[in-house]
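Trainee: Take this structure first; my questions come after.
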Amino acid sequence: MKIMVAVKRVVDYAVKIRVKPDKTGVVTQNVKMSMNPFCEIALEEALRIREAGLASEVVAVSMGPSQCIDTLRTGLAMGADRGIHVEADDSLYPLYVAKILKKLVEIEKPGLLILGKQAIDDDCNQAGQMVAGLLNWPQGTFASKVVLDKEKQVATVDREVDDGIETISLNLPAVITTDLRLNQPRYATLPNIMKAKKKPIKKFTPEELSVEIKPDLEIVEVTEPPKRKSGVIVSSVDELIDKLKHEANVI
């Protein structure tokens, strides 16, 4: 079985985000970029499934500008067998990501498609659900545990819901989106980083995949969240109650 994993290039989670002066987005020039943390978890899970003998190949897919090659090389250094880069300079919103993934699935024919549940730049949490709908595949979202039965061609997924853990069974092929508690991604070792330079990366464009990119939403404005006021230290419970009553007006 082949596993396909989508990985996204985003501003590194440790970077302090700055909004552009014209409020059209956030500053990305001269800013450290890295693989989306949820995508790292998705790739790690695919690698563990392969190492358990339940899959034969892991293919990493990234979409966006030419710099996405660096993100793919990171995935190859972690252990993915090969990469696919869909080069697009325009912003790709979830629906078009899903349409491109659908075309790649039709070409590659994987038995499992794994994505991070969301990207930390837009927090949409939509691409996995959309591609499952386009493919008419079962989906297991917010996965905190994945168990595959190769003989029965079934995946059992524990998924986190508001009131606890829900366990579902999916017939393969299927789409799984990963949550934080699924695993701890590995670090790429130096030998694997060197090996990754020789692993193949195939390139496509949306046009070659017969996907027309027409933005269906417009970002009107990006603003920073309002700054929080500094806290106040009170000397007694009576003073706290007084401030809650007359200043905060919450009791």
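All residue names refer to the structure tokens as shown: chains lettered A, B, ... in order, residues numbered from 1 in each chain, ligands numbered from 1 in order.
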Counting only C-alpha atoms, which residues of range 85-144 of chain A fall within 12 Å of range 6-30 of chain A, and what is the closest atom pair for each with its distance in Å at one decimal, ordered by chain and rising number, as a tab-separated table?

Mentor:
```
residue	atom	partner	partner_atom	distance
A:His85	CA	A:Val7	CA	10.1
A:Val86	CA	A:Ala6	CA	11.0
A:Ser91	CA	A:Gly25	CA	11.6
A:Leu92	CA	A:Lys8	CA	10.9
A:Pro94	CA	A:Lys8	CA	11.7
A:Val97	CA	A:Ala6	CA	9.5
A:Ala98	CA	A:Ala6	CA	10.2
A:Ile100	CA	A:Ala6	CA	10.8
A:Leu101	CA	A:Ala6	CA	8.2
A:Lys102	CA	A:Ala6	CA	11.6
A:Leu104	CA	A:Ala6	CA	10.7
A:Val105	CA	A:Ala6	CA	11.2
A:Leu112	CA	A:Ala6	CA	11.3
A:Leu113	CA	A:Ala6	CA	7.9
A:Ile114	CA	A:Ala6	CA	6.7
A:Leu115	CA	A:Ala6	CA	5.4
A:Gly116	CA	A:Ala6	CA	7.7
A:Lys117	CA	A:Ala6	CA	10.7
A:Gln118	CA	A:Lys8	CA	9.8
A:Ala119	CA	A:Lys8	CA	7.3
A:Ile120	CA	A:Val10	CA	7.3
A:Asp121	CA	A:Val10	CA	6.3
A:Asp122	CA	A:Val10	CA	9.5
A:Asp123	CA	A:Val10	CA	11.3
A:Ala127	CA	A:Ala6	CA	9.9
A:Gly128	CA	A:Ala6	CA	9.6
A:Val131	CA	A:Ala6	CA	11.4
```

Trainee: Using the chain letters and numbers from this document, which residues of range 2-92 of chain A does DSSP assign to alpha helix (DSSP H), as a PyMOL selection string?

Mentor: chain A and resi 37-51+68-78

Trainee: Atoms to include: N, CA, C and O atoms. Write the selected residues as an mmCIF file, in the first residue's frame.

Mentor:
```cif
data_model
loop_
_atom_site.group_PDB
_atom_site.id
_atom_site.type_symbol
_atom_site.label_atom_id
_atom_site.label_comp_id
_atom_site.auth_asym_id
_atom_site.auth_seq_id
_atom_site.Cartn_x
_atom_site.Cartn_y
_atom_site.Cartn_z
ATOM 1 N N PRO A 37 3.440 22.162 11.701
ATOM 2 C CA PRO A 37 3.577 21.125 12.749
ATOM 3 C C PRO A 37 2.600 19.958 12.609
ATOM 4 O O PRO A 37 2.967 18.805 12.856
ATOM 5 N N PHE A 38 1.367 20.230 12.218
ATOM 6 C CA PHE A 38 0.403 19.135 12.056
ATOM 7 C C PHE A 38 0.776 18.245 10.864
ATOM 8 O O PHE A 38 0.498 17.042 10.867
ATOM 9 N N CYS A 39 1.408 18.849 9.845
ATOM 10 C CA CYS A 39 1.879 18.053 8.704
ATOM 11 C C CYS A 39 3.044 17.148 9.111
ATOM 12 O O CYS A 39 3.175 16.032 8.605
ATOM 13 N N GLU A 40 3.906 17.635 10.006
ATOM 14 C CA GLU A 40 4.986 16.798 10.536
ATOM 15 C C GLU A 40 4.416 15.561 11.227
ATOM 16 O O GLU A 40 4.939 14.445 11.066
ATOM 17 N N ILE A 41 3.352 15.758 11.985
ATOM 18 C CA ILE A 41 2.709 14.629 12.674
ATOM 19 C C ILE A 41 2.125 13.656 11.660
ATOM 20 O O ILE A 41 2.227 12.431 11.821
ATOM 21 N N ALA A 42 1.498 14.192 10.607
ATOM 22 C CA ALA A 42 0.934 13.333 9.556
ATOM 23 C C ALA A 42 2.018 12.503 8.884
ATOM 24 O O ALA A 42 1.858 11.293 8.657
ATOM 25 N N LEU A 43 3.141 13.147 8.569
ATOM 26 C CA LEU A 43 4.242 12.426 7.919
ATOM 27 C C LEU A 43 4.846 11.385 8.850
ATOM 28 O O LEU A 43 5.147 10.255 8.425
ATOM 29 N N GLU A 44 5.012 11.735 10.110
ATOM 30 C CA GLU A 44 5.553 10.785 11.090
ATOM 31 C C GLU A 44 4.673 9.545 11.179
ATOM 32 O O GLU A 44 5.173 8.410 11.218
ATOM 33 N N GLU A 45 3.349 9.741 11.178
ATOM 34 C CA GLU A 45 2.446 8.586 11.266
ATOM 35 C C GLU A 45 2.569 7.700 10.041
ATOM 36 O O GLU A 45 2.578 6.464 10.146
ATOM 37 N N ALA A 46 2.693 8.312 8.858
ATOM 38 C CA ALA A 46 2.866 7.532 7.638
ATOM 39 C C ALA A 46 4.158 6.734 7.679
ATOM 40 O O ALA A 46 4.201 5.556 7.281
ATOM 41 N N LEU A 47 5.224 7.337 8.191
ATOM 42 C CA LEU A 47 6.509 6.634 8.284
ATOM 43 C C LEU A 47 6.427 5.463 9.258
ATOM 44 O O LEU A 47 6.993 4.393 9.012
ATOM 45 N N ARG A 48 5.721 5.660 10.364
ATOM 46 C CA ARG A 48 5.572 4.565 11.334
ATOM 47 C C ARG A 48 4.758 3.413 10.754
ATOM 48 O O ARG A 48 5.054 2.238 11.015
ATOM 49 N N ILE A 49 3.755 3.737 9.961
ATOM 50 C CA ILE A 49 2.954 2.692 9.315
ATOM 51 C C ILE A 49 3.821 1.906 8.335
ATOM 52 O O ILE A 49 3.765 0.674 8.283
ATOM 53 N N ARG A 50 4.652 2.610 7.578
ATOM 54 C CA ARG A 50 5.557 1.921 6.638
ATOM 55 C C ARG A 50 6.560 1.060 7.391
ATOM 56 O O ARG A 50 6.840 -0.086 6.993
ATOM 57 N N GLU A 51 7.127 1.586 8.478
ATOM 58 C CA GLU A 51 8.125 0.833 9.240
ATOM 59 C C GLU A 51 7.517 -0.399 9.906
ATOM 60 O O GLU A 51 8.223 -1.368 10.187
ATOM 61 N N CYS A 68 8.853 25.676 -1.677
ATOM 62 C CA CYS A 68 8.254 24.479 -1.077
ATOM 63 C C CYS A 68 9.158 23.258 -1.238
ATOM 64 O O CYS A 68 8.989 22.262 -0.531
ATOM 65 N N ILE A 69 10.104 23.338 -2.185
ATOM 66 C CA ILE A 69 11.063 22.250 -2.354
ATOM 67 C C ILE A 69 11.815 22.010 -1.050
ATOM 68 O O ILE A 69 12.098 20.856 -0.672
ATOM 69 N N ASP A 70 12.140 23.091 -0.327
ATOM 70 C CA ASP A 70 12.858 22.956 0.945
ATOM 71 C C ASP A 70 12.024 22.164 1.952
ATOM 72 O O ASP A 70 12.547 21.335 2.695
ATOM 73 N N THR A 71 10.725 22.440 1.969
ATOM 74 C CA THR A 71 9.821 21.713 2.869
ATOM 75 C C THR A 71 9.770 20.241 2.494
ATOM 76 O O THR A 71 9.787 19.356 3.356
ATOM 77 N N LEU A 72 9.714 19.971 1.192
ATOM 78 C CA LEU A 72 9.712 18.581 0.735
ATOM 79 C C LEU A 72 11.016 17.882 1.096
ATOM 80 O O LEU A 72 11.006 16.708 1.496
ATOM 81 N N ARG A 73 12.138 18.586 0.960
ATOM 82 C CA ARG A 73 13.428 17.979 1.325
ATOM 83 C C ARG A 73 13.456 17.630 2.807
ATOM 84 O O ARG A 73 14.032 16.613 3.204
ATOM 85 N N THR A 74 12.820 18.455 3.628
ATOM 86 C CA THR A 74 12.720 18.131 5.053
ATOM 87 C C THR A 74 11.937 16.841 5.247
ATOM 88 O O THR A 74 12.321 15.968 6.032
ATOM 89 N N GLY A 75 10.827 16.712 4.507
ATOM 90 C CA GLY A 75 10.030 15.487 4.592
ATOM 91 C C GLY A 75 10.789 14.270 4.098
ATOM 92 O O GLY A 75 10.692 13.177 4.670
ATOM 93 N N LEU A 76 11.575 14.446 3.039
ATOM 94 C CA LEU A 76 12.381 13.338 2.523
ATOM 95 C C LEU A 76 13.482 12.961 3.510
ATOM 96 O O LEU A 76 13.828 11.787 3.658
ATOM 97 N N ALA A 77 14.027 13.969 4.204
ATOM 98 C CA ALA A 77 15.050 13.686 5.216
ATOM 99 C C ALA A 77 14.462 12.958 6.416
ATOM 100 O O ALA A 77 15.137 12.152 7.067
ATOM 101 N N MET A 78 13.193 13.215 6.720
ATOM 102 C CA MET A 78 12.522 12.479 7.800
ATOM 103 C C MET A 78 12.327 11.018 7.429
ATOM 104 O O MET A 78 12.275 10.152 8.300
#
```

Trainee: So which residues touch Gly64 in chain A within 6 Å, counting only C-alpha atoms, skipping near sequence neighbours fewer than 2 positions away, as a tab-separated table (two decimals) with N, CA, C and O atoms, in the first residue's frame?

Mentor:
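And here is the file that came out, result_1.tsv:
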```
chain	number	residue	atom	x	y	z
A	87	GLU	N	3.68	23.40	-8.32
A	87	GLU	CA	4.15	24.79	-8.24
A	87	GLU	C	3.03	25.75	-8.59
A	87	GLU	O	2.41	25.67	-9.66
A	88	ALA	N	2.77	26.67	-7.67
A	88	ALA	CA	1.72	27.67	-7.86
A	88	ALA	C	2.11	28.92	-7.10
A	88	ALA	O	2.41	28.86	-5.90
A	89	ASP	N	2.13	30.05	-7.78
A	89	ASP	CA	2.49	31.31	-7.13
A	89	ASP	C	1.29	31.97	-6.46
A	89	ASP	O	1.45	32.76	-5.54
```

Trainee: Rank A:Lys2, A:Lys32, A:Lys103, A:Lys152 by their smallest atom-to-atom distance to Phe204 in chain A, using only C-alpha atoms, and report the top residue only.

Mentor: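 Between A:Lys2, A:Lys32, A:Lys103, A:Lys152, the residue approaching Phe204 in chain A most closely is A:Lys103.
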